[in-house]
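Working notes, structure below.
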Amino acid sequence: MFSIIKAAVGGLTALCRVNGHQQGLLHGHLKVLAAGLKTHEIPPDHSEVVLPDRRKLKFLNKMPNFKNAKKAMKNLKDIQGPATAANTFTKGEFAIVAMGGGYLHWGHIEMIRLTINRKMDPKTTFARWRVNGPYKPVTRKGLGMRMGGGKGAIDRYVTPVRYGRFIVEVGGKVELGEIQRIMTEVAQKLPFKAEVFSRASLAAFQKKHADMEQNNQNPWTFKEITLGNMLGIRKVLSPKDLCHNGRFAGKFHLPWRV
């Protein structure tokens, strides 16, 4: 009986091959059985990563511990231009980077802390602040008060942030795909434009802008025009424009200008 079934199967297979049918009755079934082994990429090695003792973001005070609170003027210069501090990686591999200037309120800082601490895995991930707690006073007058009478009382404290400043740095035994969703959710809720970068992506971003400036084919750059004072343009430019070659318009960054 077994020999009869074997002969019938062999004859049916040979008949399919003679007639040129590649999708015969047994062809698909045999193809599934003869499937090869899948090769996967080698997982990254995190053996050299050392996790700190304190891995979650710490609580930042709502206001500084001043004995005598003093009022201050607006001084919008603290959110203009590029950041000169906290603009490079330290121990982490991923960070939320500000792409424009603005002020962080205590509500924004608490939102960042709660979102990251609740959704990240402290066994494999750590996070650290790259901004200080609120320290700049913002005054405000009560509703219905008349104009005049001096400066209003201190209403809240904020943290100034410039372009290129790191807000939060994340690292550990994780990859960007595992933590990117959480960090993107935080970046979209900030009062200024922010993006998520890794060490490699930030280096590529900086190299792209350096290549744009080096390979620029237009000889009339903003720097050449201001140095030559063409059409008396220096009368309407501020010292910030001369210092940064017009790459910033107030708190906004102009990436296309070289």
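Chains: A, B, ... in order of the structure tokens. Residues: from 1 per chain. Ligands: from 1, in order shown.
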Contacts between region 56-75 of chain A and region 109-225 of chain A, please, where a residue of region 109-225 of chain A counts if it comes within 10 Å (with only C-alpha atoms); show its shortest atom pair and distance in Å to one decimal, rows by chain and ascending number, as JSON lines.
```
{"residue": "A:Ile109", "atom": "CA", "partner": "A:Leu60", "partner_atom": "CA", "distance": 7.7}
{"residue": "A:Glu110", "atom": "CA", "partner": "A:Phe59", "partner_atom": "CA", "distance": 7.8}
{"residue": "A:Ile112", "atom": "CA", "partner": "A:Leu57", "partner_atom": "CA", "distance": 8.8}
{"residue": "A:Arg113", "atom": "CA", "partner": "A:Leu57", "partner_atom": "CA", "distance": 5.8}
{"residue": "A:Leu114", "atom": "CA", "partner": "A:Leu57", "partner_atom": "CA", "distance": 8.5}
{"residue": "A:Ile116", "atom": "CA", "partner": "A:Leu57", "partner_atom": "CA", "distance": 7.9}
{"residue": "A:Asn117", "atom": "CA", "partner": "A:Lys56", "partner_atom": "CA", "distance": 5.8}
{"residue": "A:Arg118", "atom": "CA", "partner": "A:Lys56", "partner_atom": "CA", "distance": 9.3}
{"residue": "A:Met120", "atom": "CA", "partner": "A:Lys56", "partner_atom": "CA", "distance": 8.8}
{"residue": "A:Asp121", "atom": "CA", "partner": "A:Lys56", "partner_atom": "CA", "distance": 9.4}
{"residue": "A:Pro122", "atom": "CA", "partner": "A:Lys56", "partner_atom": "CA", "distance": 7.0}
{"residue": "A:Thr125", "atom": "CA", "partner": "A:Lys56", "partner_atom": "CA", "distance": 8.6}
{"residue": "A:Phe126", "atom": "CA", "partner": "A:Lys56", "partner_atom": "CA", "distance": 6.0}
{"residue": "A:Ala127", "atom": "CA", "partner": "A:Lys56", "partner_atom": "CA", "distance": 5.6}
{"residue": "A:Arg128", "atom": "CA", "partner": "A:Leu57", "partner_atom": "CA", "distance": 5.6}
{"residue": "A:Trp129", "atom": "CA", "partner": "A:Leu57", "partner_atom": "CA", "distance": 6.7}
{"residue": "A:Asn132", "atom": "CA", "partner": "A:Leu60", "partner_atom": "CA", "distance": 8.1}
{"residue": "A:Gly133", "atom": "CA", "partner": "A:Leu60", "partner_atom": "CA", "distance": 5.6}
{"residue": "A:Pro134", "atom": "CA", "partner": "A:Met63", "partner_atom": "CA", "distance": 5.9}
{"residue": "A:Tyr135", "atom": "CA", "partner": "A:Pro64", "partner_atom": "CA", "distance": 5.6}
{"residue": "A:Lys136", "atom": "CA", "partner": "A:Ala72", "partner_atom": "CA", "distance": 7.8}
{"residue": "A:Pro137", "atom": "CA", "partner": "A:Lys71", "partner_atom": "CA", "distance": 6.3}
{"residue": "A:Val138", "atom": "CA", "partner": "A:Ala72", "partner_atom": "CA", "distance": 7.6}
{"residue": "A:Thr139", "atom": "CA", "partner": "A:Lys71", "partner_atom": "CA", "distance": 7.3}
{"residue": "A:Lys151", "atom": "CA", "partner": "A:Lys71", "partner_atom": "CA", "distance": 8.4}
{"residue": "A:Gly152", "atom": "CA", "partner": "A:Lys71", "partner_atom": "CA", "distance": 8.9}
{"residue": "A:Ala153", "atom": "CA", "partner": "A:Lys71", "partner_atom": "CA", "distance": 7.9}
{"residue": "A:Ile154", "atom": "CA", "partner": "A:Lys71", "partner_atom": "CA", "distance": 6.8}
{"residue": "A:Arg156", "atom": "CA", "partner": "A:Met63", "partner_atom": "CA", "distance": 7.6}
{"residue": "A:Tyr157", "atom": "CA", "partner": "A:Met63", "partner_atom": "CA", "distance": 6.0}
{"residue": "A:Val158", "atom": "CA", "partner": "A:Met63", "partner_atom": "CA", "distance": 8.5}
{"residue": "A:Val168", "atom": "CA", "partner": "A:Leu57", "partner_atom": "CA", "distance": 8.9}
{"residue": "A:Glu169", "atom": "CA", "partner": "A:Leu57", "partner_atom": "CA", "distance": 9.9}
{"residue": "A:Val170", "atom": "CA", "partner": "A:Lys56", "partner_atom": "CA", "distance": 9.8}
```
Thr88 (chain A): which residues within 12 Å, counting only C-alpha atoms, same-chain residues fewer than 6 positions away excluded, as a list in words?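 Contacts, in chain order: Phe94, Ala95, Ile96, Val97, Arg130, Gly164, Arg165, Phe166, Ile167, Val168, Glu169, Phe197, Ser198, Arg199, Leu202, Ala203 and Gln206 of chain A.
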How about saving the chosen residues, C-alpha atoms kept, as a PDB file, in the first residue's frame?
```pdb
ATOM      1  CA  PHE A  94      20.222  60.225  23.274  1.00  0.00           C
ATOM      2  CA  ALA A  95      18.936  63.700  24.109  1.00  0.00           C
ATOM      3  CA  ILE A  96      16.124  66.174  23.546  1.00  0.00           C
ATOM      4  CA  VAL A  97      17.712  69.253  21.932  1.00  0.00           C
ATOM      5  CA  ARG A 130      20.703  69.195  31.408  1.00  0.00           C
ATOM      6  CA  GLY A 164      21.175  73.818  20.809  1.00  0.00           C
ATOM      7  CA  ARG A 165      20.643  73.381  24.557  1.00  0.00           C
ATOM      8  CA  PHE A 166      20.136  69.820  25.808  1.00  0.00           C
ATOM      9  CA  ILE A 167      16.979  69.468  27.902  1.00  0.00           C
ATOM     10  CA  VAL A 168      17.216  65.810  28.978  1.00  0.00           C
ATOM     11  CA  GLU A 169      19.874  63.210  28.311  1.00  0.00           C
ATOM     12  CA  PHE A 197      19.054  63.251  18.604  1.00  0.00           C
ATOM     13  CA  SER A 198      21.550  60.488  19.174  1.00  0.00           C
ATOM     14  CA  ARG A 199      25.310  60.939  19.147  1.00  0.00           C
ATOM     15  CA  LEU A 202      23.732  65.015  16.023  1.00  0.00           C
ATOM     16  CA  ALA A 203      27.199  64.679  14.481  1.00  0.00           C
ATOM     17  CA  GLN A 206      26.313  69.432  12.509  1.00  0.00           C
TER      18      GLN A 206
END
```
To one decimal in Å, tell me the separation between CA of Phe222 (chain A) and CA of Gly246 (chain A).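 According to the coordinates, CA of Phe222 (chain A) and CA of Gly246 (chain A) are separated by 6.8 Å.
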Among region 54-209 of chain A, which residues does DSSP mark as helix (DSSP H, G or I) when it is run on the backbone? Keep the chain and numbering as in the structure and answer as a PyMOL selection string. chain A and resi 76-79+106-119+176-187+199-209
Tell me, which residues of region 124-159 of chain A carry DSSP strand (DSSP E or B), written as JSON, numbers by chain? {"A": [125, 126, 127, 128, 129, 136, 137, 138, 139, 140, 153, 154, 155, 156, 157, 158, 159]}
How about saving the chosen residues, N, CA and C atoms kept, as a compact mmCIF listing (two decimals), in the first residue's frame?
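In the end it all went to selection-v4.txt:
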```txt
# COMPACT_ATOMS: atom_id res chain seq x y z
N THR A 125 17.75 51.70 31.77
CA THR A 125 17.81 53.07 31.25
C THR A 125 18.01 54.05 32.39
N PHE A 126 18.72 55.12 32.11
CA PHE A 126 18.85 56.22 33.07
C PHE A 126 18.65 57.54 32.33
N ALA A 127 18.24 58.56 33.06
CA ALA A 127 18.01 59.88 32.50
C ALA A 127 18.57 60.92 33.46
N ARG A 128 18.99 62.04 32.92
CA ARG A 128 19.54 63.12 33.74
C ARG A 128 19.17 64.47 33.13
N TRP A 129 19.02 65.45 34.01
CA TRP A 129 18.69 66.80 33.56
C TRP A 129 19.91 67.48 32.96
N LYS A 136 14.60 82.42 36.90
CA LYS A 136 14.36 83.78 36.43
C LYS A 136 12.95 84.22 36.81
N PRO A 137 12.80 85.34 37.54
CA PRO A 137 11.46 85.78 37.96
C PRO A 137 10.69 86.44 36.82
N VAL A 138 9.40 86.16 36.79
CA VAL A 138 8.48 86.78 35.84
C VAL A 138 7.38 87.46 36.65
N THR A 139 7.21 88.77 36.44
CA THR A 139 6.22 89.53 37.21
C THR A 139 4.91 89.63 36.44
N ARG A 140 3.87 89.92 37.20
CA ARG A 140 2.55 90.05 36.58
C ARG A 140 1.64 90.83 37.52
N ALA A 153 4.07 92.21 41.05
CA ALA A 153 4.68 91.23 41.93
C ALA A 153 5.16 90.02 41.14
N ILE A 154 6.07 89.26 41.71
CA ILE A 154 6.60 88.05 41.05
C ILE A 154 5.50 87.01 40.97
N ASP A 155 5.24 86.55 39.76
CA ASP A 155 4.17 85.57 39.54
C ASP A 155 4.71 84.14 39.49
N ARG A 156 5.85 83.93 38.82
CA ARG A 156 6.42 82.59 38.68
C ARG A 156 7.88 82.72 38.31
N TYR A 157 8.56 81.59 38.27
CA TYR A 157 9.96 81.53 37.84
C TYR A 157 10.07 80.61 36.63
N VAL A 158 11.00 80.93 35.73
CA VAL A 158 11.18 80.17 34.49
C VAL A 158 12.66 79.88 34.29
N THR A 159 12.92 78.97 33.35
CA THR A 159 14.29 78.61 32.98
C THR A 159 14.52 79.00 31.52
```
Which residues are close to Lys193 (chain A), i.e. within 12 Å by only C-alpha atoms, leaving aside same-chain residues fewer than 6 positions away? Reply as a ChimeraX atom specification. /A:96-103,161-165,167,184,186-187,251-253
Which residue is closest to Glu93 (chain A)? Choose from A:Gly228, A:Pro239, A:Gly171, A:Gly81 and count only C-alpha atoms. A:Gly171
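Take CA of Asn229 (chain A) and CA of Asn216 (chain A): the distance between them is 20.7 Å.
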Considering only C-alpha atoms, can you say which of A:Lys38, A:Val49, A:Phe89, A:Ala249 comes closest to Ala200 (chain A)?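 Checking each of A:Lys38, A:Val49, A:Phe89, A:Ala249 against Ala200 (chain A), counting only C-alpha atoms, the winner is A:Phe89.
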What does the structure give for the distance between CA of Lys119 (chain A) and CA of Met183 (chain A), in Å to one decimal?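 Interatomic distance, CA of Lys119 (chain A) to CA of Met183 (chain A): 10.0 Å.
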